[in-house]
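As structure tokens, the structure follows; a few thoughts come after it.
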Amino acid sequence: MFEVVAFYLFAFLTIAMFSVTVITKNALYALSSLAAGMIFISAFFFLLNADFLGAVQIVVYTGAVMALYAFGMMFFDSINDIKETPTNARLTFMLTGIIAIIVVMIFIAPVIGANATAHYPIHEAYGNTQDIGVVLFTKYLVPFEVAAVMLLVAMIGGIILAGKKMDASITQMSEEEVDDHHHTDSEIAKDIK
Amino acid sequence: MSITLNDYLILSTIIFMIGMYGAMRRTNLLMLFFSTEIMLNAVNIGMAAISKFHGDLTGQMFAFFIIAIAASEVAIGLGLLILWFKRNNSIDLDTLQSMKG
């Protein structure tokens with residue numbers, strides 16, 4: 001009974017939060033509701049006995065990804081409402097058809113996988129974290145290492161891409177200097193165009 | 001009455017459709033990133049649910065790798081987005097239409 005109540009409560013909350021993210025015009029509202037939705041999704045992982053995955057969800061998504069978005073949004077003028085051009089109606093229609101196909105495939109998937117056997121069965125005696133550690137460091141060791149290299153590459157790439165022309169520290173300038181600096185920056189941008 | 005695999009898959013589908021709707025409707029690139037995160041999370045729920053109801057850890061493993069990919073996607077994507085904003089003062093998708101073939 002507890003599981004049913006928890007499932008429906010968190011399902012409602014998650015859908016509500018993500019709908020706000022998709023519909024709202026304010027970037028800050030979108031960011032906060034997305035972070036809340038991520039936290040609520042971790043509740044499903046705890047309900048599904050995937051404790052470690054739930055903890056990773058909170059730490060990585062709401063801790064790292066959301067903080068990265070929050071810092072990234074300092075570069076954009078997120079106080080104002082988002083200005084958007086309306087999308088092409090024909091494209092929307094086509095994509096809706098693709099969604100319909102995906103939905104059908106999702107509901108057929110359990111039928112196809114009904115007689116699938118478990119390659120790496122869950123050991124109740126181990127506990128979730130230990131169980132995952134055993135499988136991750138035996139069967140999935142190579143993908144794990146590749147993922148580590150990929151994260152390193154992403155980190156270096158992010159620093160190089162975002163860190164360009166950050167050698168001048170705006171906090172240590174006077175107001176006039178900041179204005180000048182900004183002015184020259186936009187002129188350079190025009191030249192590049 | 002208890003929660004079955006189908007309930008989780010329906011929830012996963014609904015969240016995925018919300019993300020897909022956002023990816024279609026939004027032309028702001030930051031909002032497109034948010035929609036992508038929503039879709040990835042929807043898939044993760046499905047993976048974890050299948051993992052439990054089939055008694056197999058593979059689903060959870062894939063969810064972990066999806067999370068790792070999402071994290072690196074955000075790092076690179078935001079770096080590119082900041083670079084684009086510095087150049088064009090806009091992160092609207094239409095400013096990217098400079099490559100007409």
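Just remember, in the structure tokens the first chain shown is A, the second B, etc., residues are 1-based per chain, and ligands are 1-based in the order shown.
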Taking only C-alpha atoms into account and nothing else, which residues of chain B lie no more than 8 Å away from chain A? Please answer as an MDAnalysis selection string. chainID B and resid 1:3 9 11 13:15 17:22 24:28 31 34:35 38 41 45 48:49 52 54:58 60:61 63:65 67:69 71:80 82:83 85:88 92 94
What is the atom CA of Leu9 of chain A to atom CA of Phe53 of chain B distance in Å? 20.8 Å
Contacts of Ala42 of chain B within 6 Å, only C-alpha atoms, excl. fewer than 2 positions in-chain, as a PyMOL selection string: chain B and resi 12+15-16+39-40+44-45
